file my_file.cif (mmCIF, C-alpha atoms)
data_final
#
loop_
_atom_site.label_atom_id
_atom_site.label_comp_id
_atom_site.auth_asym_id
_atom_site.auth_seq_id
_atom_site.Cartn_x
_atom_site.Cartn_y
_atom_site.Cartn_z
CA MET Z 6 107.59 122.97 141.63
CA ASP Z 7 106.58 124.69 138.38
CA ILE Z 8 104.17 122.98 136.05
CA LEU Z 9 103.74 124.06 132.42
CA PHE Z 10 100.41 123.76 130.61
CA PHE Z 11 99.79 123.67 126.86
CA GLY Z 12 96.85 123.60 124.48
CA ILE Z 13 93.52 122.88 126.09
CA THR Z 14 95.06 122.32 129.53
CA LYS Z 15 96.30 125.91 129.50
CA ASP Z 16 92.72 127.03 128.86
CA ILE Z 17 91.36 124.76 131.61
CA VAL Z 18 93.85 125.98 134.19
CA GLY Z 19 93.73 129.54 132.93
CA ALA Z 20 97.50 129.82 133.04
CA ALA Z 21 100.54 128.61 131.13
CA GLN Z 22 102.35 127.83 134.34
CA ILE Z 23 101.48 127.22 137.98
CA GLN Z 24 103.64 126.68 140.98
CA LEU Z 25 102.92 123.92 143.49
CA LEU Z 26 104.15 125.00 146.86
CA GLU Z 27 105.86 122.65 149.26
CA GLU Z 28 103.18 121.11 151.34
CA LYS Z 29 101.98 117.78 152.60
CA GLY Z 30 100.30 115.77 149.85
CA LYS Z 31 102.26 117.38 147.02
CA PRO Z 32 102.45 114.82 144.17
CA THR Z 33 105.75 112.98 143.88
CA THR Z 34 105.10 110.86 140.78
CA VAL Z 35 103.51 111.42 137.40
CA ALA Z 36 100.50 109.33 138.42
CA SER Z 37 99.86 111.29 141.58
CA LEU Z 38 100.33 114.60 139.76
CA LYS Z 39 97.74 113.56 137.18
CA SER Z 40 95.18 112.54 139.77
CA PHE Z 41 95.90 115.74 141.73
CA LEU Z 42 95.24 117.84 138.61
CA CYS Z 43 92.16 115.90 137.52
CA GLN Z 44 90.68 116.40 140.96
CA LYS Z 45 91.47 120.10 141.03
CA TYR Z 46 90.40 120.66 137.39
CA PRO Z 47 87.62 118.18 136.57
CA GLU Z 48 87.68 119.24 132.89
CA MET Z 49 91.12 117.70 132.63
CA ALA Z 50 89.72 114.27 133.40
CA LYS Z 51 87.52 114.51 130.31
CA LEU Z 52 90.37 114.70 127.82
CA SER Z 53 91.14 111.86 125.38
CA SER Z 54 94.52 111.41 127.03
CA LEU Z 55 96.85 113.23 129.36
CA ALA Z 56 100.61 112.77 129.29
CA VAL Z 57 103.28 114.33 131.43
CA ALA Z 58 106.75 115.34 130.36
CA VAL Z 59 109.51 115.51 132.93
CA ASN Z 60 112.49 117.55 131.80
CA SER Z 61 111.02 117.73 128.29
CA ALA Z 62 110.71 113.98 127.74
CA TYR Z 63 107.61 111.80 127.98
CA ALA Z 64 107.45 110.26 131.42
CA GLN Z 65 105.89 107.02 132.70
CA GLU Z 66 103.17 106.86 135.33
CA ASP Z 67 105.69 105.88 138.01
CA THR Z 68 108.33 108.45 137.04
CA PRO Z 69 109.20 110.46 140.16
CA ILE Z 70 108.98 114.23 140.00
CA ASN Z 71 111.25 116.44 142.03
CA ASN Z 72 111.25 120.09 142.89
CA ASN Z 73 113.78 121.13 140.28
CA ASP Z 74 112.31 119.12 137.40
CA GLU Z 75 110.63 120.89 134.53
CA VAL Z 76 107.20 119.30 134.49
CA ALA Z 77 104.80 119.80 131.59
CA ILE Z 78 101.24 118.64 131.04
CA ILE Z 79 100.73 117.26 127.53
CA PRO Z 80 97.13 117.02 126.32
CA PRO Z 81 96.47 115.04 123.09
CA VAL Z 82 98.96 116.34 120.50
CA SER Z 83 97.57 117.46 117.14
CA GLY Z 84 100.42 118.76 115.03
CA GLY Z 85 100.54 118.44 111.27
CA MET L 9 106.42 106.47 55.46
CA ASP L 10 108.47 108.46 57.97
CA ILE L 11 109.91 106.72 60.98
CA LEU L 12 111.17 108.64 64.03
CA PHE L 13 114.04 107.36 66.15
CA PHE L 14 114.90 108.29 69.73
CA GLY L 15 117.60 107.58 72.28
CA ILE L 16 119.94 104.78 71.36
CA THR L 17 118.02 103.89 68.20
CA LYS L 18 118.76 107.37 66.84
CA ASP L 19 122.47 106.68 67.41
CA ILE L 20 122.22 103.23 65.78
CA VAL L 21 120.45 104.54 62.70
CA GLY L 22 122.47 107.74 62.63
CA ALA L 23 119.36 109.83 62.03
CA ALA L 24 116.33 111.08 63.95
CA GLN L 25 114.07 110.24 61.05
CA ILE L 26 114.17 108.03 57.98
CA GLN L 27 111.75 107.64 55.14
CA LEU L 28 110.75 104.21 53.87
CA LEU L 29 109.94 104.49 50.21
CA GLU L 30 107.04 102.65 48.61
CA GLU L 31 108.37 99.33 47.51
CA LYS L 32 107.60 95.66 47.60
CA GLY L 33 108.27 94.25 51.05
CA LYS L 34 107.67 97.51 52.92
CA PRO L 35 106.50 96.59 56.43
CA THR L 36 102.77 96.89 57.01
CA THR L 37 102.54 95.97 60.73
CA VAL L 38 104.51 96.81 63.83
CA ALA L 39 105.92 93.29 63.92
CA SER L 40 107.16 93.39 60.35
CA LEU L 41 108.63 96.88 60.83
CA LYS L 42 110.55 95.67 63.88
CA SER L 43 111.99 92.66 62.07
CA PHE L 44 112.80 94.85 59.06
CA LEU L 45 114.73 97.28 61.29
CA CYS L 46 116.48 94.59 63.31
CA GLN L 47 117.69 93.02 60.08
CA LYS L 48 118.86 96.31 58.64
CA TYR L 49 120.41 97.48 61.94
CA PRO L 50 121.62 94.42 63.85
CA GLU L 51 122.46 96.56 66.89
CA MET L 52 118.76 97.18 67.32
CA ALA L 53 118.13 93.50 67.95
CA LYS L 54 120.46 93.65 70.94
CA LEU L 55 118.35 96.14 72.93
CA SER L 56 116.49 95.15 76.11
CA SER L 57 113.22 95.92 74.41
CA LEU L 58 111.90 97.70 71.37
CA ALA L 59 108.46 99.25 71.21
CA VAL L 60 106.74 101.07 68.40
CA ALA L 61 104.38 104.01 68.68
CA VAL L 62 101.85 104.63 65.95
CA ASN L 63 100.42 108.16 66.00
CA SER L 64 102.14 108.77 69.35
CA ALA L 65 100.55 105.85 71.20
CA TYR L 66 102.10 102.49 72.06
CA ALA L 67 101.11 99.96 69.39
CA GLN L 68 100.69 96.18 69.52
CA GLU L 69 102.70 93.76 67.39
CA ASP L 70 99.79 93.32 64.98
CA THR L 71 98.90 97.02 64.71
CA PRO L 72 98.87 97.95 61.01
CA ILE L 73 101.00 100.87 59.88
CA ASN L 74 99.97 103.05 57.00
CA ASN L 75 101.74 105.64 54.93
CA ASN L 76 100.33 108.64 56.73
CA ASP L 77 100.84 107.31 60.25
CA GLU L 78 103.46 108.89 62.48
CA VAL L 79 105.60 105.90 63.41
CA ALA L 80 108.19 106.09 66.17
CA ILE L 81 110.71 103.58 67.47
CA ILE L 82 110.78 103.48 71.27
CA PRO L 83 113.87 101.90 72.84
CA PRO L 84 113.75 101.14 76.60
CA VAL L 85 112.53 104.31 78.30
CA SER L 86 114.60 105.68 81.18
CA GLY L 87 113.00 108.87 82.38
CA GLY L 88 113.09 110.01 85.97
CA MET N 30 91.14 120.07 89.86
CA ILE N 31 94.33 121.37 88.28
CA LYS N 32 96.50 119.04 86.21
CA ILE N 33 99.90 120.32 85.11
CA LEU N 34 101.84 118.15 82.66
CA SER N 35 104.93 119.45 80.94
CA ILE N 36 108.32 118.91 79.44
CA VAL N 37 110.56 121.74 80.57
CA ASP N 38 114.17 122.87 80.35
CA THR N 39 114.49 123.57 84.06
CA ILE N 40 112.51 122.33 87.03
CA ASP N 41 111.86 124.72 89.90
CA PRO N 42 110.51 122.70 92.83
CA GLY N 43 109.46 125.82 94.70
CA THR N 44 106.89 126.77 92.11
CA VAL N 45 104.94 123.50 92.12
CA TYR N 46 103.49 124.21 95.56
CA ALA N 47 101.43 127.08 94.27
CA ALA N 48 100.08 124.63 91.71
CA LEU N 49 99.37 121.89 94.27
CA ALA N 50 97.91 123.94 97.13
CA HIS N 51 94.13 123.73 97.23
CA PRO N 52 91.48 124.74 99.80
CA LYS N 53 90.25 121.15 99.98
CA SER N 54 93.76 119.71 100.41
CA GLY N 55 95.28 118.96 103.77
CA GLY N 56 98.29 117.21 102.25
CA ILE N 57 100.69 117.66 99.38
CA CYS N 58 103.23 114.98 98.48
CA VAL N 59 106.02 115.76 96.03
CA PHE N 60 108.81 113.63 94.64
CA VAL N 61 111.83 115.16 92.94
CA GLY N 62 114.33 113.06 91.04
CA THR N 63 117.83 114.50 91.07
CA VAL N 64 121.13 113.60 89.39
CA ARG N 65 123.26 111.30 91.51
CA GLU N 66 127.04 111.59 91.37
CA PHE N 67 127.75 107.86 91.27
CA THR N 68 126.29 104.90 89.40
CA ASP N 69 127.78 101.58 90.42
CA GLU N 70 130.77 103.47 91.80
CA GLN N 71 131.42 105.22 88.49
CA GLN N 72 131.46 109.00 88.70
CA VAL N 73 128.70 110.62 86.66
CA VAL N 74 129.49 113.98 85.06
CA GLY N 75 125.86 114.59 84.17
CA LEU N 76 122.74 113.22 82.53
CA GLU N 77 121.24 114.12 79.21
CA PHE N 78 117.53 113.64 78.57
CA GLU N 79 115.59 113.57 75.37
CA THR N 80 111.94 112.89 74.75
CA TYR N 81 109.30 112.27 72.13
CA GLU N 82 107.37 115.21 73.50
CA LYS N 83 104.00 114.75 71.81
CA MET N 84 103.76 111.16 73.01
CA ALA N 85 105.31 111.93 76.41
CA LEU N 86 102.57 114.46 77.17
CA LYS N 87 99.89 111.96 76.14
CA GLU N 88 101.40 109.27 78.38
CA MET N 89 101.72 111.73 81.27
CA ASP N 90 98.06 112.55 80.84
CA LYS N 91 97.13 108.85 80.96
CA ILE N 92 99.07 108.52 84.23
CA ALA N 93 97.44 111.61 85.73
CA GLU N 94 93.97 110.41 84.73
CA GLU N 95 94.63 106.95 86.13
CA ALA N 96 95.72 108.50 89.43
CA ILE N 97 92.67 110.77 89.53
CA ALA N 98 90.42 107.77 88.91
CA LYS N 99 92.15 105.76 91.62
CA TRP N 100 92.48 108.31 94.42
CA GLN N 101 90.54 111.35 95.56
CA LEU N 102 92.99 114.03 94.41
CA ASN N 103 92.68 117.76 94.06
CA ASN N 104 95.74 118.64 91.99
CA VAL N 105 98.35 116.69 90.05
CA VAL N 106 101.71 117.83 88.64
CA ILE N 107 104.05 115.87 86.35
CA GLN N 108 107.03 117.71 84.92
CA HIS N 109 110.14 116.27 83.31
CA ALA N 110 113.22 118.15 82.20
CA VAL N 111 115.15 117.63 78.98
CA GLY N 112 118.71 118.53 78.03
CA LYS N 113 121.88 118.23 80.11
CA LYS N 114 121.66 118.20 83.88
CA GLY N 115 124.50 118.26 86.40
CA VAL N 116 124.85 116.49 89.74
CA MET N 117 122.13 117.49 92.26
CA GLU N 118 119.99 119.16 89.60
CA PRO N 119 116.29 118.15 89.51
CA VAL N 120 115.24 116.19 86.43
CA VAL N 121 111.68 115.23 87.26
CA ILE N 122 109.00 116.37 89.67
CA VAL N 123 105.67 114.72 90.38
CA GLY N 124 103.16 115.67 93.02
CA ALA N 125 99.59 115.37 94.16
CA SER N 126 97.40 117.00 96.76
CA SER N 127 94.44 115.49 98.58
CA ALA N 128 92.23 116.02 101.60
CA HIS N 129 94.13 113.44 103.66
CA ARG N 130 97.71 112.25 103.42
CA PRO N 131 97.49 108.56 102.44
CA GLU N 132 96.01 109.46 99.04
CA CYS N 133 98.67 111.99 98.05
CA PHE N 134 101.51 109.68 99.17
CA GLU N 135 100.16 106.71 97.23
CA ALA N 136 99.35 108.79 94.17
CA CYS N 137 102.78 110.44 94.16
CA ARG N 138 104.53 107.06 94.27
CA PHE N 139 102.30 105.78 91.49
CA LEU N 140 103.03 108.85 89.34
CA ILE N 141 106.81 108.44 89.46
CA ASP N 142 106.78 104.63 89.17
CA THR N 143 104.50 104.73 86.15
CA LEU N 144 106.32 107.65 84.53
CA LYS N 145 109.55 105.69 84.69
CA ALA N 146 107.91 102.68 83.08
CA THR N 147 105.92 104.23 80.27
CA VAL N 148 106.76 107.84 79.37
CA PRO N 149 109.01 108.08 76.30
CA ILE N 150 111.98 109.85 77.82
CA TRP N 151 115.54 108.65 77.46
CA LYS N 152 118.49 109.28 79.71
CA LYS N 153 122.15 109.14 78.76
CA GLU N 154 124.63 108.89 81.60
CA MET N 155 127.74 110.88 80.86
CA PHE N 156 130.91 109.62 82.50
CA LYS N 157 134.37 111.13 82.12
CA ASP N 158 135.33 108.99 79.15
CA LYS N 159 132.07 107.60 77.77
CA SER N 160 128.32 107.98 77.75
CA VAL N 161 125.68 105.26 78.05
CA TRP N 162 121.95 105.15 77.26
CA VAL N 163 120.43 103.89 80.49
CA SER N 164 118.57 100.54 80.38
CA ALA N 165 119.12 100.18 76.63
CA HIS N 166 120.85 96.82 76.94
CA PRO N 167 120.02 93.78 79.07
CA MET Q 19 124.09 114.00 106.34
CA ILE Q 20 122.13 117.18 107.02
CA LYS Q 21 119.31 117.15 109.56
CA ILE Q 22 117.15 120.25 109.81
CA LEU Q 23 114.64 120.37 112.65
CA SER Q 24 112.82 123.53 113.49
CA ILE Q 25 109.77 125.35 114.76
CA VAL Q 26 109.17 128.33 112.50
CA ASP Q 27 106.68 131.12 111.96
CA THR Q 28 106.38 130.54 108.24
CA ILE Q 29 107.16 127.51 106.07
CA ASP Q 30 108.64 128.10 102.65
CA PRO Q 31 108.49 124.79 100.76
CA GLY Q 32 110.77 126.08 98.01
CA THR Q 33 113.72 126.44 100.34
CA VAL Q 34 113.74 122.88 101.67
CA TYR Q 35 115.01 121.52 98.35
CA ALA Q 36 118.37 123.20 98.77
CA ALA Q 37 118.54 121.46 102.15
CA LEU Q 38 117.50 118.06 100.78
CA ALA Q 39 119.50 117.94 97.55
CA HIS Q 40 122.64 115.83 97.89
CA PRO Q 41 125.18 114.41 95.42
CA LYS Q 42 124.39 110.88 96.61
CA SER Q 43 120.62 111.37 96.35
CA GLY Q 44 118.59 110.38 93.33
CA GLY Q 45 115.29 111.04 95.06
CA ILE Q 46 113.73 113.61 97.36
CA CYS Q 47 110.29 113.08 98.87
CA VAL Q 48 108.54 115.94 100.63
CA PHE Q 49 105.20 116.13 102.39
CA VAL Q 50 103.55 119.46 103.15
CA GLY Q 51 100.53 119.73 105.40
CA THR Q 52 98.25 122.64 104.54
CA VAL Q 53 95.14 124.17 106.07
CA ARG Q 54 91.92 122.69 104.70
CA GLU Q 55 88.87 124.87 104.36
CA PHE Q 56 86.39 122.32 105.69
CA THR Q 57 86.34 119.88 108.62
CA ASP Q 58 83.26 117.67 108.68
CA GLU Q 59 81.52 120.20 106.43
CA GLN Q 60 82.18 123.05 108.84
CA GLN Q 61 84.04 125.98 107.33
CA VAL Q 62 87.43 126.58 108.93
CA VAL Q 63 88.61 130.19 109.16
CA GLY Q 64 92.12 129.15 110.14
CA LEU Q 65 94.25 127.06 112.46
CA GLU Q 66 96.32 128.18 115.38
CA PHE Q 67 99.31 126.14 116.52
CA GLU Q 68 101.27 126.23 119.71
CA THR Q 69 104.13 124.06 120.89
CA TYR Q 70 106.35 123.17 123.79
CA GLU Q 71 109.35 124.02 121.70
CA LYS Q 72 112.17 122.56 123.74
CA MET Q 73 110.45 119.17 123.90
CA ALA Q 74 109.17 119.37 120.30
CA LEU Q 75 112.72 119.73 118.99
CA LYS Q 76 113.86 116.75 121.07
CA GLU Q 77 110.97 114.62 119.79
CA MET Q 78 111.66 115.71 116.20
CA ASP Q 79 115.26 114.67 116.68
CA LYS Q 80 114.18 111.23 117.94
CA ILE Q 81 112.02 110.81 114.83
CA ALA Q 82 114.82 111.90 112.51
CA GLU Q 83 117.31 109.56 114.19
CA GLU Q 84 114.86 106.68 114.03
CA ALA Q 85 114.36 107.30 110.30
CA ILE Q 86 118.12 107.52 109.72
CA ALA Q 87 118.60 104.23 111.56
CA LYS Q 88 115.82 102.56 109.56
CA TRP Q 89 116.54 103.79 106.04
CA GLN Q 90 119.64 104.81 104.10
CA LEU Q 91 119.00 108.56 103.99
CA ASN Q 92 121.17 111.48 103.06
CA ASN Q 93 119.20 114.44 104.39
CA VAL Q 94 116.16 114.88 106.61
CA VAL Q 95 114.00 117.97 107.20
CA ILE Q 96 111.23 118.38 109.79
CA GLN Q 97 109.73 121.85 110.20
CA HIS Q 98 106.51 122.83 111.91
CA ALA Q 99 104.92 126.27 111.98
CA VAL Q 100 103.32 127.96 114.98
CA GLY Q 101 100.82 130.80 115.17
CA LYS Q 102 97.76 131.43 113.05
CA LYS Q 103 97.54 129.98 109.55
CA GLY Q 104 94.90 130.60 106.92
CA VAL Q 105 93.37 128.20 104.39
CA MET Q 106 95.96 126.74 101.95
CA GLU Q 107 98.90 127.89 104.05
CA PRO Q 108 101.56 125.28 104.87
CA VAL Q 109 101.78 124.28 108.52
CA VAL Q 110 104.27 121.42 108.43
CA ILE Q 111 106.89 120.13 106.04
CA VAL Q 112 108.86 116.90 106.29
CA GLY Q 113 111.22 115.47 103.72
CA ALA Q 114 114.03 113.03 103.12
CA SER Q 115 116.48 112.33 100.35
CA SER Q 116 118.07 109.01 99.47
CA ALA Q 117 119.96 107.27 96.68
CA HIS Q 118 116.82 105.46 95.48
CA ARG Q 119 113.17 106.41 95.77
CA PRO Q 120 111.59 103.73 97.98
CA GLU Q 121 113.65 104.87 100.99
CA CYS Q 122 112.74 108.55 100.77
CA PHE Q 123 109.03 107.78 100.26
CA GLU Q 124 108.87 105.40 103.23
CA ALA Q 125 110.92 107.71 105.43
CA CYS Q 126 108.80 110.74 104.52
CA ARG Q 127 105.60 108.93 105.43
CA PHE Q 128 107.14 107.75 108.69
CA LEU Q 129 108.28 111.29 109.55
CA ILE Q 130 104.82 112.83 109.22
CA ASP Q 131 102.94 109.92 110.82
CA THR Q 132 105.24 109.89 113.82
CA LEU Q 133 105.33 113.68 114.13
CA LYS Q 134 101.54 113.71 114.36
CA ALA Q 135 101.60 111.05 117.06
CA THR Q 136 104.37 112.25 119.33
CA VAL Q 137 105.56 115.84 118.83
CA PRO Q 138 104.06 118.23 121.41
CA ILE Q 139 102.24 120.61 119.08
CA TRP Q 140 98.62 121.59 119.50
CA LYS Q 141 96.19 122.79 116.89
CA LYS Q 142 93.08 124.86 117.46
CA GLU Q 143 90.55 124.91 114.66
CA MET Q 144 88.96 128.32 114.32
CA PHE Q 145 85.43 128.35 112.93
CA LYS Q 146 83.28 131.43 112.41
CA ASP Q 147 81.67 131.24 115.83
CA LYS Q 148 83.89 128.98 117.93
CA SER Q 149 87.29 127.40 118.20
CA VAL Q 150 88.17 123.82 119.13
CA TRP Q 151 91.38 122.14 120.27
CA VAL Q 152 91.72 119.24 117.84
CA SER Q 153 91.65 115.69 119.30
CA ALA Q 154 91.37 116.99 122.85
CA HIS Q 155 88.16 115.10 123.59
CA PRO Q 156 87.12 111.54 122.76
#
call {"tool": "encode", "arguments": {"input": "my_file.cif", "output": "structure tokens"}}
result
Amino acid sequence: MDILFFGITKDIVGAAQIQLLEEKGKPTTVASLKSFLCQKYPEMAKLSSLAVAVNSAYAQEDTPINNNDEVAIIPPVSGG
Amino acid sequence: MDILFFGITKDIVGAAQIQLLEEKGKPTTVASLKSFLCQKYPEMAKLSSLAVAVNSAYAQEDTPINNNDEVAIIPPVSGG
Amino acid sequence: MIKILSIVDTIDPGTVYAALAHPKSGGICVFVGTVREFTDEQQVVGLEFETYEKMALKEMDKIAEEAIAKWQLNNVVIQHAVGKKGVMEPVVIVGASSAHRPECFEACRFLIDTLKATVPIWKKEMFKDKSVWVSAHP
Amino acid sequence: MIKILSIVDTIDPGTVYAALAHPKSGGICVFVGTVREFTDEQQVVGLEFETYEKMALKEMDKIAEEAIAKWQLNNVVIQHAVGKKGVMEPVVIVGASSAHRPECFEACRFLIDTLKATVPIWKKEMFKDKSVWVSAHP
């Protein structure tokens, strides 16, 4: 599963994209992905907010994520 | 005294400017000028509103008008 | 603070941005009035504007000053065209720039609303077979 | 009905008028966001924007459709720039045209407010000695 990072999350992770390999404990919902990331990258837990887009649309906490979804991490937006 | 006309009042009078000669009964306030004009040009009385500018500023009904003032008749404005 | 007030033959919306951009401005709001093809389902061939220019500029200045007193603005533009204008052509442009967006939006709306109410400019709607001074009669 | 949604390198405010003018429109309202020189009294050298373009265009489309459903609009434009922008440069432009002016003003304000809240675009403020992702931290 590929995960895209933007803005400050790209800086925190040090990459625009990472791949989560198949393994036990791989997150299967938005909520579990977020807690997985915040544990792995403690700086991510300090952000004002953290949203996740699944297939380029905002997802809910309980939205499932599958291997072929395009998953993106959305830190606080600041366009305009 | 010269009086300037704009918009529909120019069409009613048939001139952009008329000169009121010195004579008895010449209007000396905005109010008397307006009633003078509405009597002379009955179409002017039918307008939605009729304002008068003295020296290029909106004047009140009781504003005096003198020979060397620039007096203008302001029918309903419709800019924009 | 730049204040541009003018009666012009032709309005070029693209040029007002240079006038409104300002290092202290984060927002620019601009309103352009254009000629509509239909009024009450009657087809409009064009509009013709005339003005009492000396007084119009004074009234525009009053409006600009009132806006500047009311909101924290950097630049203000009020331009109105005169002469004949065809469908889709711009006839008036007003704009303001400010540090944050609420101010420029509110000021811009105030500028056009007040211009329409007080600035001595008159508009004749030209239809195929007649022409009418707008708002002249009740 | 023309709807222009795009992520661009450079915004040219002058060109959006051609896109917004419409025979049925009497009013066009446009908002341009520009780079301010100071944030909390700190001098800004420039801003740098990045986006998740595929999603940004989808979110812009949602905003445009919501505006079209809410107000009687003829045309809508939403453009955002990416890359580095210097002081006074435009970074975003939104606009709408409608028969009468209240609709285009309200829609224009809605477009920019909603864009700022939902469209995945990120802004880094570059100061002389540091750079900061805006709004990232509480």
call {"tool": "atom_distance", "arguments": {"input": "my_file.cif", "atom1": "atom CA of Q:Glu124", "atom2": "atom CA of Z:Val82"}}
result
22.7 Å
call {"tool": "resolve_selection", "arguments": {"input": "my_file.cif", "expression": "the PyMOL selection byres ((chain Q and resi 51) around 10)", "output": "tab-separated table (two decimals) with C-alpha atoms, in the frame of the given file"}}
result
chain	number	residue	atom	x	y	z
Z	84	GLY	CA	100.42	118.76	115.03
Z	85	GLY	CA	100.54	118.44	111.27
N	50	ALA	CA	97.91	123.94	97.13
N	54	SER	CA	93.76	119.71	100.41
N	55	GLY	CA	95.28	118.96	103.77
N	56	GLY	CA	98.29	117.21	102.25
N	57	ILE	CA	100.69	117.66	99.38
N	58	CYS	CA	103.23	114.98	98.48
N	126	SER	CA	97.40	117.00	96.76
N	128	ALA	CA	92.23	116.02	101.60
N	129	HIS	CA	94.13	113.44	103.66
N	130	ARG	CA	97.71	112.25	103.42
Q	49	PHE	CA	105.20	116.13	102.39
Q	50	VAL	CA	103.55	119.46	103.15
Q	52	THR	CA	98.25	122.64	104.54
Q	53	VAL	CA	95.14	124.17	106.07
Q	54	ARG	CA	91.92	122.69	104.70
Q	98	HIS	CA	106.51	122.83	111.91
Q	106	MET	CA	95.96	126.74	101.95
Q	107	GLU	CA	98.90	127.89	104.05
Q	108	PRO	CA	101.56	125.28	104.87
Q	109	VAL	CA	101.78	124.28	108.52
Q	110	VAL	CA	104.27	121.42	108.43
Q	111	ILE	CA	106.89	120.13	106.04
Q	112	VAL	CA	108.86	116.90	106.29
Q	130	ILE	CA	104.82	112.83	109.22
call {"tool": "resolve_selection", "arguments": {"input": "my_file.cif", "expression": "the PyMOL selection byres ((chain Z) within 7 of (chain Q))", "output": "ChimeraX atom specification"}}
result
/Z:12-13,51-53,61-62,80-85
call {"tool": "write_last_selection", "arguments": {"input": "my_file.cif", "atoms": "C-alpha atoms", "output": "PDB file, keeping the file's coordinate frame"}}
result
ATOM      1  CA  GLY Z  12      96.850 123.600 124.480  1.00  0.00           C
ATOM      2  CA  ILE Z  13      93.520 122.880 126.090  1.00  0.00           C
ATOM      3  CA  LYS Z  51      87.520 114.510 130.310  1.00  0.00           C
ATOM      4  CA  LEU Z  52      90.370 114.700 127.820  1.00  0.00           C
ATOM      5  CA  SER Z  53      91.140 111.860 125.380  1.00  0.00           C
ATOM      6  CA  SER Z  61     111.020 117.730 128.290  1.00  0.00           C
ATOM      7  CA  ALA Z  62     110.710 113.980 127.740  1.00  0.00           C
ATOM      8  CA  PRO Z  80      97.130 117.020 126.320  1.00  0.00           C
ATOM      9  CA  PRO Z  81      96.470 115.040 123.090  1.00  0.00           C
ATOM     10  CA  VAL Z  82      98.960 116.340 120.500  1.00  0.00           C
ATOM     11  CA  SER Z  83      97.570 117.460 117.140  1.00  0.00           C
ATOM     12  CA  GLY Z  84     100.420 118.760 115.030  1.00  0.00           C
ATOM     13  CA  GLY Z  85     100.540 118.440 111.270  1.00  0.00           C
TER      14      GLY Z  85
END
call {"tool": "residues_near_point", "arguments": {"input": "my_file.cif", "point": "(102.3, 109.9, 59.5)", "cutoff": "8 Å", "atoms": "all atoms listed in the file", "output": "list in words"}}
result
Met9, Asp10, Asn63, Asn74, Asn75, Asn76, Asp77, Glu78 and Val79 of chain L
call {"tool": "residues_around", "arguments": {"input": "my_file.cif", "residues": "stretch 136-138 of chain N", "least_positions_apart": "2", "cutoff": "6 Å", "atoms": "only C-alpha atoms", "output": "compact mmCIF listing (two decimals) with C-alpha atoms, in the coordinates of the input"}}
result
# COMPACT_ATOMS: atom_id res chain seq x y z
CA ALA N 96 95.72 108.50 89.43
CA GLY N 124 103.16 115.67 93.02
CA ALA N 125 99.59 115.37 94.16
CA GLU N 132 96.01 109.46 99.04
CA CYS N 133 98.67 111.99 98.05
CA PHE N 134 101.51 109.68 99.17
CA LEU N 140 103.03 108.85 89.34
CA ILE N 141 106.81 108.44 89.46
call {"tool": "atom_distance", "arguments": {"input": "my_file.cif", "atom1": "atom CA of N:Ser160", "atom2": "atom CA of L:Gly22"}}
result
16.2 Å
call {"tool": "residues_around", "arguments": {"input": "my_file.cif", "residues": "Q:Gly104", "least_positions_apart": "5", "cutoff": "12 Å", "atoms": "all atoms listed in the file", "output": "PDB file with C-alpha atoms, in the frame of the given file"}}
result
ATOM      1  CA  HIS N  51      94.130 123.730  97.230  1.00  0.00           C
ATOM      2  CA  PRO N  52      91.480 124.740  99.800  1.00  0.00           C
TER       3      PRO N  52
ATOM      4  CA  THR Q  28     106.380 130.540 108.240  1.00  0.00           C
ATOM      5  CA  THR Q  52      98.250 122.640 104.540  1.00  0.00           C
ATOM      6  CA  VAL Q  53      95.140 124.170 106.070  1.00  0.00           C
ATOM      7  CA  ARG Q  54      91.920 122.690 104.700  1.00  0.00           C
ATOM      8  CA  GLU Q  55      88.870 124.870 104.360  1.00  0.00           C
ATOM      9  CA  PHE Q  56      86.390 122.320 105.690  1.00  0.00           C
ATOM     10  CA  GLN Q  61      84.040 125.980 107.330  1.00  0.00           C
ATOM     11  CA  VAL Q  62      87.430 126.580 108.930  1.00  0.00           C
ATOM     12  CA  VAL Q  63      88.610 130.190 109.160  1.00  0.00           C
ATOM     13  CA  GLY Q  64      92.120 129.150 110.140  1.00  0.00           C
ATOM     14  CA  LEU Q  65      94.250 127.060 112.460  1.00  0.00           C
ATOM     15  CA  GLU Q  66      96.320 128.180 115.380  1.00  0.00           C
ATOM     16  CA  PHE Q  67      99.310 126.140 116.520  1.00  0.00           C
ATOM     17  CA  VAL Q 109     101.780 124.280 108.520  1.00  0.00           C
ATOM     18  CA  GLU Q 143      90.550 124.910 114.660  1.00  0.00           C
ATOM     19  CA  MET Q 144      88.960 128.320 114.320  1.00  0.00           C
ATOM     20  CA  PHE Q 145      85.430 128.350 112.930  1.00  0.00           C
TER      21      PHE Q 145
END
call {"tool": "atom_distance", "arguments": {"input": "my_file.cif", "atom1": "atom CA of Z:Ala56", "atom2": "atom CA of Z:Ile79"}}
result
4.8 Å
call {"tool": "residues_around", "arguments": {"input": "my_file.cif", "residues": "Z:Ser40", "least_positions_apart": "6", "cutoff": "12 Å", "atoms": "all atoms listed in the file", "output": "ChimeraX atom specification"}}
result
/Z:30-34,46-47,49-50,55-57,66
call {"tool": "closest_residue", "arguments": {"input": "my_file.cif", "among": "Z:Gln22, Z:Gln44, Z:Ser37, Z:Thr14", "to": "Z:Gln65", "atoms": "all atoms listed in the file"}}
result
Z:Ser37
call {"tool": "closest_residue", "arguments": {"input": "my_file.cif", "among": "Q:Ile86, Q:Ile96, Q:Val48, Q:Val105", "to": "Q:Ser24", "atoms": "all atoms listed in the file"}}
result
Q:Ile96
call {"tool": "closest_residue", "arguments": {"input": "my_file.cif", "among": "N:Asp158, N:Asp38, N:Asp69, N:Asp90", "to": "chain Q", "atoms": "all atoms listed in the file"}}
result
N:Asp69
